[in-house]
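Have a look at coords-v3.csv; it's CSV, C-alpha atoms:
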chain,number,residue,atom,x,y,z
R,1,MET,CA,-105.0,-5.5,-97.8
R,2,ASN,CA,-104.3,-3.1,-95.0
R,3,LEU,CA,-106.9,-0.6,-94.1
R,4,LYS,CA,-104.3,1.5,-92.2
R,5,ASN,CA,-101.0,2.9,-93.4
R,6,THR,CA,-97.8,1.0,-92.8
R,7,SER,CA,-94.3,2.3,-92.6
R,8,ASN,CA,-93.9,1.4,-96.3
R,9,THR,CA,-97.1,2.2,-97.9
R,10,TYR,CA,-100.6,3.8,-97.7
R,11,GLY,CA,-103.5,1.8,-96.4
R,12,SER,CA,-106.6,1.1,-98.6
R,13,VAL,CA,-108.7,3.7,-96.7
R,14,ILE,CA,-106.4,6.6,-97.6
R,15,LYS,CA,-106.1,5.3,-101.1
R,16,PHE,CA,-109.8,5.2,-101.5
R,17,LEU,CA,-110.2,8.7,-100.0
R,18,HIS,CA,-107.3,10.1,-102.1
R,19,TRP,CA,-108.7,8.9,-105.5
R,20,GLY,CA,-112.3,9.2,-104.6
R,21,MET,CA,-111.9,12.8,-103.4
R,22,ALA,CA,-109.7,13.6,-106.4
R,23,ILE,CA,-112.4,12.5,-108.8
R,24,ALA,CA,-115.1,14.4,-106.8
R,25,ILE,CA,-113.0,17.6,-106.6
R,26,PHE,CA,-112.4,17.7,-110.4
R,27,ALA,CA,-116.1,16.9,-111.0
R,28,LEU,CA,-117.2,19.7,-108.7
R,29,PHE,CA,-114.8,22.1,-110.5
R,30,GLY,CA,-116.2,21.2,-113.9
R,31,LEU,CA,-119.8,21.2,-112.6
R,32,GLY,CA,-119.2,24.6,-110.9
R,33,VAL,CA,-117.8,26.2,-114.0
R,34,TRP,CA,-120.5,24.7,-116.3
R,35,MET,CA,-123.5,25.4,-114.1
R,36,ARG,CA,-122.7,29.1,-114.2
R,37,THR,CA,-123.2,29.1,-117.9
R,38,LEU,CA,-126.6,27.5,-117.9
R,39,THR,CA,-129.6,29.4,-119.2
R,40,TYR,CA,-132.7,29.9,-117.0
R,41,TYR,CA,-134.7,27.4,-119.0
R,42,SER,CA,-132.1,24.7,-119.0
R,43,PRO,CA,-133.4,21.5,-117.2
R,44,TRP,CA,-130.1,21.6,-115.3
R,45,TYR,CA,-130.5,25.1,-114.0
R,46,LYS,CA,-131.8,23.8,-110.6
R,47,PRO,CA,-130.3,20.3,-110.3
R,48,ALA,CA,-126.8,21.2,-111.2
R,49,PRO,CA,-126.2,23.6,-108.2
R,50,HIS,CA,-128.2,21.2,-106.0
R,51,TRP,CA,-125.8,18.4,-106.9
R,52,HIS,CA,-122.8,20.7,-106.6
R,53,GLN,CA,-123.8,21.7,-103.1
R,54,SER,CA,-124.8,18.2,-102.1
R,55,ILE,CA,-121.5,16.6,-103.2
R,56,GLY,CA,-119.6,19.5,-101.7
R,57,VAL,CA,-121.1,18.9,-98.2
R,58,LEU,CA,-120.4,15.2,-98.4
R,59,LEU,CA,-116.8,16.0,-99.5
R,60,LEU,CA,-116.5,18.3,-96.4
R,61,ALA,CA,-117.4,15.3,-94.2
R,62,LEU,CA,-114.9,13.2,-96.0
R,63,LEU,CA,-112.2,15.9,-95.7
R,64,VAL,CA,-112.7,16.0,-91.9
R,65,PHE,CA,-112.7,12.2,-91.6
R,66,ARG,CA,-109.6,12.1,-93.8
R,67,PHE,CA,-107.7,14.6,-91.7
R,68,LEU,CA,-108.6,12.6,-88.5
R,69,TRP,CA,-107.6,9.4,-90.2
R,70,ARG,CA,-104.3,10.9,-91.2
R,71,LEU,CA,-103.6,11.9,-87.6
R,72,ALA,CA,-104.5,8.4,-86.4
R,73,ASN,CA,-102.2,6.7,-89.0
R,74,GLU,CA,-98.5,6.5,-89.2
R,75,ARG,CA,-96.9,8.1,-92.1
R,76,PRO,CA,-95.2,5.9,-94.7
R,77,ASN,CA,-91.4,6.6,-94.5
R,78,GLN,CA,-90.0,9.4,-96.6
R,79,ASP,CA,-86.4,8.6,-96.0
R,80,PHE,CA,-85.7,8.4,-99.7
R,81,LEU,CA,-87.0,11.9,-100.4
R,82,LYS,CA,-84.7,14.9,-100.6
R,83,PRO,CA,-85.3,17.4,-97.8
R,84,PHE,CA,-86.7,19.9,-100.3
R,85,ASP,CA,-89.2,17.4,-101.6
R,86,ARG,CA,-90.2,16.4,-98.1
R,87,ILE,CA,-90.9,20.0,-97.1
R,88,ALA,CA,-92.5,20.9,-100.4
R,89,SER,CA,-94.8,17.8,-100.4
R,90,HIS,CA,-95.8,18.4,-96.8
R,91,THR,CA,-96.6,22.0,-97.6
R,92,VAL,CA,-98.7,21.1,-100.6
R,93,HIS,CA,-100.6,18.5,-98.6
R,94,ILE,CA,-101.4,20.9,-95.8
R,95,ALA,CA,-102.4,23.6,-98.3
R,96,PHE,CA,-104.8,21.1,-99.9
R,97,TYR,CA,-106.5,20.5,-96.5
R,98,ALA,CA,-106.7,24.3,-95.8
R,99,LEU,CA,-107.9,25.3,-99.2
R,100,LEU,CA,-110.5,22.5,-99.4
R,101,LEU,CA,-111.8,23.4,-96.0
R,102,VAL,CA,-112.1,27.1,-96.9
R,103,ILE,CA,-113.7,26.5,-100.3
R,104,MET,CA,-116.3,24.2,-98.9
R,105,VAL,CA,-117.2,26.4,-96.1
R,106,SER,CA,-117.3,29.4,-98.4
R,107,GLY,CA,-119.6,27.5,-100.7
R,108,TYR,CA,-121.9,26.8,-97.8
R,109,PHE,CA,-122.0,30.5,-96.9
R,110,ILE,CA,-123.0,31.5,-100.5
R,111,THR,CA,-126.3,29.8,-100.0
R,112,SER,CA,-126.8,30.1,-96.3
R,113,VAL,CA,-126.0,33.8,-95.4
R,114,ASP,CA,-129.6,34.7,-96.0
R,115,GLY,CA,-130.8,32.2,-93.4
R,116,SER,CA,-131.6,29.4,-95.8
R,117,SER,CA,-130.4,25.9,-95.2
R,118,VAL,CA,-128.3,23.9,-97.7
R,119,ASP,CA,-130.0,20.7,-98.9
R,120,VAL,CA,-127.9,17.6,-99.3
R,121,PHE,CA,-129.6,15.6,-102.0
R,122,ASN,CA,-133.0,14.9,-100.5
R,123,TRP,CA,-131.4,13.3,-97.6
R,124,PHE,CA,-130.7,16.0,-95.0
R,125,SER,CA,-130.1,19.7,-94.8
R,126,ILE,CA,-127.5,21.9,-93.0
R,127,PRO,CA,-129.1,24.9,-91.3
R,128,SER,CA,-127.7,28.4,-91.7
R,129,ILE,CA,-125.4,29.4,-88.8
R,130,TYR,CA,-124.5,32.9,-89.9
R,131,GLU,CA,-126.6,35.6,-91.6
R,132,LYS,CA,-125.3,38.8,-93.1
R,133,GLN,CA,-126.7,40.6,-96.0
R,134,GLY,CA,-124.3,40.8,-99.0
R,135,ALA,CA,-121.8,38.3,-97.5
R,136,GLU,CA,-122.6,36.0,-100.4
R,137,GLU,CA,-120.4,38.3,-102.6
R,138,ILE,CA,-117.3,37.8,-100.4
R,139,ALA,CA,-118.1,34.1,-100.0
R,140,GLY,CA,-118.5,33.8,-103.8
R,141,PHE,CA,-115.3,35.5,-104.5
R,142,ILE,CA,-113.4,33.3,-102.1
R,143,HIS,CA,-115.1,30.2,-103.6
R,144,TRP,CA,-114.3,31.1,-107.2
R,145,THR,CA,-110.7,32.1,-106.5
R,146,LEU,CA,-109.9,29.0,-104.4
R,147,ALA,CA,-111.4,26.8,-107.1
R,148,TYR,CA,-108.8,27.9,-109.5
R,149,ALA,CA,-106.1,27.8,-106.8
R,150,ILE,CA,-106.9,24.2,-106.0
R,151,MET,CA,-106.8,23.2,-109.6
R,152,ALA,CA,-103.4,24.8,-109.8
R,153,LEU,CA,-102.3,23.0,-106.7
R,154,ALA,CA,-103.6,19.7,-108.1
R,155,GLY,CA,-101.6,20.3,-111.3
R,156,LEU,CA,-98.5,20.9,-109.2
R,157,HIS,CA,-99.2,17.8,-107.1
R,158,THR,CA,-99.7,15.7,-110.3
R,159,ILE,CA,-96.5,16.9,-111.9
R,160,ALA,CA,-94.6,16.2,-108.7
R,161,ALA,CA,-96.0,12.6,-108.6
R,162,LEU,CA,-95.1,12.0,-112.2
R,163,LYS,CA,-91.7,13.4,-111.6
R,164,HIS,CA,-91.1,11.0,-108.7
R,165,HIS,CA,-92.4,8.1,-110.8
R,166,TYR,CA,-90.6,8.7,-114.1
R,167,VAL,CA,-87.6,10.8,-113.2
R,168,ASP,CA,-86.7,9.8,-109.7
R,169,ARG,CA,-88.1,6.4,-110.2
R,170,ASP,CA,-89.1,6.0,-106.6
R,171,ILE,CA,-92.2,4.6,-104.9
R,172,THR,CA,-94.1,7.9,-104.2
R,173,LEU,CA,-96.8,7.3,-106.8
R,174,LYS,CA,-96.8,3.5,-106.7
R,175,ARG,CA,-97.7,3.3,-103.0
R,176,MET,CA,-100.8,5.4,-103.5
R,177,LEU,CA,-102.0,3.0,-106.3
R,178,PRO,CA,-103.8,-0.3,-105.7
R,179,ASN,CA,-101.3,-3.0,-104.4
R,180,HIS,CA,-101.9,-5.4,-107.2
R,181,TRP,CA,-100.8,-2.9,-109.9
R,182,PHE,CA,-97.3,-3.2,-108.6
R,183,ASN,CA,-96.4,-6.3,-106.8
R,184,SER,CA,-92.6,-5.9,-106.7
R,185,SER,CA,-91.0,-3.1,-104.9
R,186,PRO,CA,-89.0,-0.6,-107.0
Y,106,MET,CA,-144.7,66.5,-123.5
Y,107,THR,CA,-146.4,69.8,-124.2
Y,108,LEU,CA,-144.9,71.0,-120.9
Y,109,SER,CA,-141.4,70.5,-122.1
Y,110,PHE,CA,-142.0,72.5,-125.3
Y,111,LYS,CA,-143.5,75.4,-123.3
Y,112,ASN,CA,-140.7,75.2,-120.8
Y,113,PRO,CA,-137.4,74.7,-122.7
Y,114,PRO,CA,-135.0,75.4,-119.7
Y,115,VAL,CA,-136.4,72.3,-118.0
Y,116,LYS,CA,-133.8,70.0,-119.4
Y,117,LYS,CA,-130.9,72.2,-118.4
Y,118,MET,CA,-132.4,72.5,-114.9
Y,119,ALA,CA,-132.8,68.8,-114.6
Y,120,ALA,CA,-129.1,68.4,-115.2
Y,121,SER,CA,-128.3,70.7,-112.3
Y,122,ILE,CA,-130.9,69.3,-109.9
Y,123,MET,CA,-128.3,68.0,-107.5
Y,124,LEU,CA,-126.5,71.3,-107.6
Y,125,GLY,CA,-129.8,73.2,-107.4
Y,126,ALA,CA,-130.6,71.4,-104.2
Y,127,LEU,CA,-127.5,72.7,-102.6
Y,128,LEU,CA,-128.1,76.3,-103.7
Y,129,LEU,CA,-129.3,78.5,-101.0
Y,130,ALA,CA,-131.2,80.8,-103.2
Y,131,THR,CA,-134.3,78.9,-104.3
Y,132,PRO,CA,-137.6,80.4,-105.3
Y,133,ALA,CA,-139.6,81.3,-102.3
Y,134,THR,CA,-142.5,79.1,-103.4
Y,135,ALA,CA,-140.8,75.9,-104.3
Y,136,ALA,CA,-139.4,73.8,-101.4
Y,137,ASP,CA,-136.6,71.4,-101.6
Y,138,TYR,CA,-136.8,68.0,-100.0
Y,139,VAL,CA,-134.4,65.2,-99.1
Y,140,ILE,CA,-135.9,61.7,-99.5
Y,141,ASP,CA,-135.9,60.2,-96.1
Y,142,SER,CA,-133.6,57.3,-96.8
Y,143,LYS,CA,-132.0,57.8,-93.5
Y,144,GLY,CA,-135.2,57.1,-91.5
Y,145,MET,CA,-136.2,54.8,-94.4
Y,146,HIS,CA,-139.6,56.2,-95.1
Y,147,ALA,CA,-139.0,55.4,-98.7
Y,148,SER,CA,-138.4,52.3,-100.8
Y,149,VAL,CA,-137.4,51.4,-104.3
Y,150,ASN,CA,-139.2,48.1,-105.1
Y,151,PHE,CA,-139.4,45.9,-108.1
Y,152,ARG,CA,-141.4,42.9,-109.2
Y,153,ILE,CA,-141.1,40.6,-112.2
Y,154,LYS,CA,-143.1,37.6,-113.2
Y,155,HIS,CA,-141.6,34.2,-112.5
Y,156,LEU,CA,-142.2,32.0,-115.4
Y,157,GLY,CA,-145.5,33.8,-115.9
Y,158,TYR,CA,-146.9,32.0,-112.9
Y,159,SER,CA,-146.2,34.4,-110.0
Y,160,TRP,CA,-144.7,37.7,-109.0
Y,161,LEU,CA,-141.1,37.8,-107.7
Y,162,THR,CA,-140.6,40.9,-105.6
Y,163,GLY,CA,-137.4,42.7,-104.4
Y,164,ARG,CA,-136.0,46.1,-103.7
Y,165,PHE,CA,-132.9,48.2,-103.6
Y,166,ASP,CA,-132.0,48.8,-100.0
Y,167,LYS,CA,-129.7,51.8,-100.6
Y,168,PHE,CA,-130.6,54.9,-102.4
Y,169,THR,CA,-130.6,58.7,-101.9
Y,170,GLY,CA,-132.5,61.4,-103.6
Y,171,THR,CA,-133.9,64.9,-103.5
Y,172,TYR,CA,-136.8,66.6,-105.0
Y,173,SER,CA,-138.4,70.0,-105.1
Y,174,PHE,CA,-142.1,70.4,-104.8
Y,175,ASP,CA,-144.3,73.5,-104.9
Y,176,GLU,CA,-147.9,72.9,-104.0
Y,177,ALA,CA,-148.9,76.0,-105.9
Y,178,ASN,CA,-147.1,75.0,-109.1
Y,179,PRO,CA,-146.6,71.2,-108.9
Y,180,ALA,CA,-145.7,71.0,-112.6
Y,181,ALA,CA,-142.4,72.7,-111.8
Y,182,SER,CA,-141.5,69.9,-109.4
Y,183,LYS,CA,-138.3,68.0,-110.0
Y,184,ILE,CA,-136.9,64.8,-108.6
Y,185,SER,CA,-133.6,63.0,-108.7
Y,186,VAL,CA,-132.8,59.6,-107.2
Y,187,GLU,CA,-129.6,57.6,-107.1
Y,188,ILE,CA,-129.7,53.9,-106.4
Y,189,ASP,CA,-126.9,51.7,-105.2
Y,190,THR,CA,-127.3,48.7,-107.5
Y,191,ALA,CA,-125.3,46.4,-105.3
Y,192,SER,CA,-128.0,46.8,-102.6
Y,193,VAL,CA,-130.4,44.7,-104.6
Y,194,ASN,CA,-132.3,42.4,-102.2
Y,195,SER,CA,-134.8,39.7,-103.3
Y,196,ASN,CA,-134.5,37.9,-100.0
Y,197,HIS,CA,-132.3,35.1,-101.5
Y,198,ALA,CA,-128.6,35.4,-101.2
Y,199,ALA,CA,-127.6,33.2,-104.2
Y,200,ARG,CA,-130.1,35.0,-106.5
Y,201,ASP,CA,-129.0,38.4,-105.3
Y,202,LYS,CA,-125.4,37.4,-106.2
Y,203,HIS,CA,-126.6,36.4,-109.6
Y,204,LEU,CA,-128.6,39.7,-110.0
Y,205,ARG,CA,-125.4,41.6,-109.2
Y,206,SER,CA,-123.4,39.7,-111.7
Y,207,GLY,CA,-122.7,40.4,-115.4
Y,208,ASP,CA,-125.9,38.5,-116.3
Y,209,PHE,CA,-128.0,41.3,-114.9
Y,210,LEU,CA,-127.0,44.5,-113.1
Y,211,ASP,CA,-123.2,44.1,-113.5
Y,212,VAL,CA,-122.8,46.2,-110.3
Y,213,SER,CA,-119.0,46.3,-110.4
Y,214,LYS,CA,-119.2,48.1,-113.8
Y,215,PHE,CA,-122.4,50.0,-113.1
Y,216,PRO,CA,-122.6,50.7,-109.3
Y,217,THR,CA,-125.3,53.3,-109.5
Y,218,ALA,CA,-128.6,53.7,-111.3
Y,219,LYS,CA,-130.1,57.1,-111.5
Y,220,PHE,CA,-133.4,58.7,-112.3
Y,221,VAL,CA,-133.6,62.4,-113.1
Y,222,SER,CA,-136.9,64.0,-114.0
Y,223,THR,CA,-137.2,66.3,-117.0
Y,224,SER,CA,-140.8,67.4,-116.9
Y,225,MET,CA,-144.2,66.8,-115.1
Y,226,GLU,CA,-147.7,66.5,-116.4
Y,227,VAL,CA,-149.9,67.2,-113.4
Y,228,THR,CA,-153.6,66.4,-113.0
Y,229,ASP,CA,-155.1,67.0,-109.6
Y,230,LYS,CA,-153.2,64.9,-107.1
Y,231,SER,CA,-151.4,62.7,-109.7
Y,232,ALA,CA,-148.7,63.4,-112.2
Y,233,ILE,CA,-146.9,61.7,-115.0
Y,234,VAL,CA,-143.2,62.3,-114.3
Y,235,HIS,CA,-141.0,62.2,-117.4
Y,236,GLY,CA,-137.4,61.6,-116.9
Y,237,LYS,CA,-134.2,59.8,-117.7
Y,238,LEU,CA,-133.4,56.5,-116.1
Y,239,THR,CA,-129.8,55.3,-116.2
Y,240,LEU,CA,-129.5,51.6,-115.5
Y,241,HIS,CA,-126.8,49.2,-116.5
Y,242,GLY,CA,-125.0,52.1,-118.3
Y,243,VAL,CA,-127.9,52.8,-120.5
Y,244,THR,CA,-129.9,56.0,-120.3
Y,245,LYS,CA,-133.5,56.0,-121.5
Y,246,ASP,CA,-136.6,58.2,-121.2
Y,247,ILE,CA,-139.2,56.7,-119.0
Y,248,THR,CA,-142.4,57.9,-117.4
Y,249,ILE,CA,-143.5,57.3,-113.9
Y,250,LYS,CA,-147.1,57.5,-112.8
Y,251,SER,CA,-147.1,59.3,-109.5
Y,252,ASP,CA,-149.6,60.0,-106.9
Y,253,TYR,CA,-149.4,62.6,-104.1
Y,254,VAL,CA,-150.1,60.7,-100.9
Y,255,GLY,CA,-150.0,63.4,-98.3
Y,256,GLY,CA,-148.0,66.1,-96.7
Y,257,GLY,CA,-147.7,68.3,-93.6
Y,258,LYS,CA,-146.0,68.9,-90.4
Y,259,ASP,CA,-144.4,65.9,-88.7
Y,260,PRO,CA,-144.4,65.6,-84.9
Y,261,TRP,CA,-140.7,66.5,-84.6
Y,262,GLY,CA,-140.6,70.0,-86.0
Y,263,GLY,CA,-140.2,69.1,-89.7
Y,264,PHE,CA,-142.3,69.2,-92.8
Y,265,ARG,CA,-142.8,66.2,-95.0
Y,266,THR,CA,-144.5,65.2,-98.2
Y,267,GLY,CA,-145.0,61.8,-99.7
Y,268,PHE,CA,-145.6,60.3,-103.1
Y,269,SER,CA,-146.1,56.9,-104.6
Y,270,GLY,CA,-144.9,56.1,-108.1
Y,271,SER,CA,-144.9,53.2,-110.5
Y,272,THR,CA,-143.4,52.4,-113.9
Y,273,LYS,CA,-142.6,49.5,-116.1
Y,274,ILE,CA,-139.3,48.9,-118.0
Y,275,ALA,CA,-138.2,46.3,-120.4
Y,276,LEU,CA,-134.9,44.8,-119.3
Y,277,ALA,CA,-133.6,44.5,-122.9
Y,278,ASP,CA,-134.0,48.3,-123.3
Y,279,PHE,CA,-131.3,48.7,-120.7
Y,280,GLY,CA,-129.0,46.0,-122.2
Y,281,ILE,CA,-129.9,43.3,-119.7
Y,282,LYS,CA,-130.1,40.3,-122.0
Y,283,PHE,CA,-130.4,37.3,-119.7
Y,284,ASN,CA,-133.4,35.3,-120.9
Y,285,LEU,CA,-135.8,34.8,-118.1
Y,286,GLY,CA,-138.6,33.7,-120.4
Y,287,PRO,CA,-141.3,35.3,-122.4
Y,288,ALA,CA,-143.3,36.4,-119.4
Y,289,SER,CA,-140.4,38.0,-117.7
Y,290,LYS,CA,-139.1,40.6,-120.1
Y,291,GLU,CA,-140.4,43.6,-118.1
Y,292,VAL,CA,-139.9,44.7,-114.6
Y,293,GLU,CA,-142.3,46.8,-112.7
Y,294,LEU,CA,-140.9,49.4,-110.4
Y,295,GLN,CA,-142.8,50.8,-107.4
Y,296,LEU,CA,-141.4,53.8,-105.7
Y,297,GLU,CA,-142.5,55.0,-102.3
Y,298,ILE,CA,-141.1,58.4,-101.5
Y,299,GLU,CA,-141.3,60.5,-98.4
Y,300,GLY,CA,-139.2,63.7,-98.3
Y,301,VAL,CA,-138.2,66.0,-95.4
Y,302,ARG,CA,-138.3,69.6,-96.4
Y,303,ASN,CA,-135.0,71.5,-96.1
Y,304,LYS,CA,-135.1,74.1,-93.3

I'd like the structure from this file rewritten - as structure tokens, please.
Amino acid sequence: MNLKNTSNTYGSVIKFLHWGMAIAIFALFGLGVWMRTLTYYSPWYKPAPHWHQSIGVLLLALLVFRFLWRLANERPNQDFLKPFDRIASHTVHIAFYALLLVIMVSGYFITSVDGSSVDVFNWFSIPSIYEKQGAEEIAGFIHWTLAYAIMALAGLHTIAALKHHYVDRDITLKRMLPNHWFNSSP
Amino acid sequence: MTLSFKNPPVKKMAASIMLGALLLATPATAADYVIDSKGMHASVNFRIKHLGYSWLTGRFDKFTGTYSFDEANPAASKISVEIDTASVNSNHAARDKHLRSGDFLDVSKFPTAKFVSTSMEVTDKSAIVHGKLTLHGVTKDITIKSDYVGGGKDPWGGFRTGFSGSTKIALADFGIKFNLGPASKEVELQLEIEGVRNK
């Protein structure tokens, strides 16, 4: 088991980050949509946003780590990809990083533009760094819009991965899955 | 109420208060005032019970208004206030965002709330101000208990008067249906008004 990427495949760190963050991102989307529908007397009215924020902050830390890890690792070869696929997949990956960064920062601002800190579970809290009255509306609009944009991008990403697996029959999806699932090369 | 029967033109006059304030020809006795929302010697505050255990307070930061006030005939006074609903401020960004949403004020649909008086019942230095409050797109008759606080020359060559008013409204009356619990169906409004007399 390689922690780092090789020229042929992804390392286990990136695989763990990829699937772990994917699950967290879908969960946060669902939690975010659901918590807005809660009534004031729901037992989840306070814990749901608290969890949403806490997971979001941890996800931001993972995102930064993942980006640095990506820079520190070689990229598995893409020679088998058509030029269009190479450019398109690279664009989608960069868009993921950018949108995730902005959505997480905007979420942080929804809570913190009045000067309050964002509590991460009951573990630590992030202080407010910017105060502006009414800015929570802009932050909220960005957060909401990007949530759907990211879901759309994730849909595109999934369709592309399945297309490579079932139509092109290449190793694109396989090399992001645990090694023992596919022992033989395609 | 008796006042409005004796004085039928009051309703028509109320509708043209904003216009009236602009007219140059006003009765010599009544004076027109602009609420000092520029120097902010006025505030539109609210409070509502939280769970029935405490009072949550907030205010609307942006509003404008005018009134006419005649010391010799205070019953002929009129007031009109327009409030920017998006300026709601309860000192908590996430809650303010919720208050602006469709669950409460729905500020994108109803950006202004408005109070226009229709008649006054005056006793000594207090009055009961009857008028129409438009909030969340719903217009209802409400009454505001009002006290004259003071008035006179200010140190900068102007003339000011001030009032303090309070009223209570039920959120459901104005179509705001979000359930905050049995103790939180009504909001108290506290209005502090200082006006500068037009020269």

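Take the candidates Y:Ala199, Y:Ile281, Y:Ala180, Y:Leu294 and check each one against chain R using only C-alpha atoms; the shortest distance goes to Y:Ala199.
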
Pull out every residue of chain Y that has at least one atom within 10 Å of chain R, counting all atoms listed in the file, and report them as a count of residues only.
20

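Computed from the coordinates, the CA of Glu297 in chain Y to CA of Ala277 in chain Y distance equals 24.8 Å.
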
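Between CA of Phe121 in chain R and CA of His50 in chain R the interatomic distance comes to 7.0 Å.
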
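Counting from CA of Lys82 in chain R, the distance to CA of Met176 in chain R is 18.9 Å.
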
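Residue neighbourhood of Leu156 in chain R, excluding near-sequence residues (fewer than 3 positions): Ala88, Ser89, Thr91, Val92, His93, Ala95, Phe96, Ala149, Ile150, Met151, Ala152, Leu153, Ile159, Ala160, Ala161, Leu162 and Lys163 of chain R, at 12 Å, using all atoms listed in the file.
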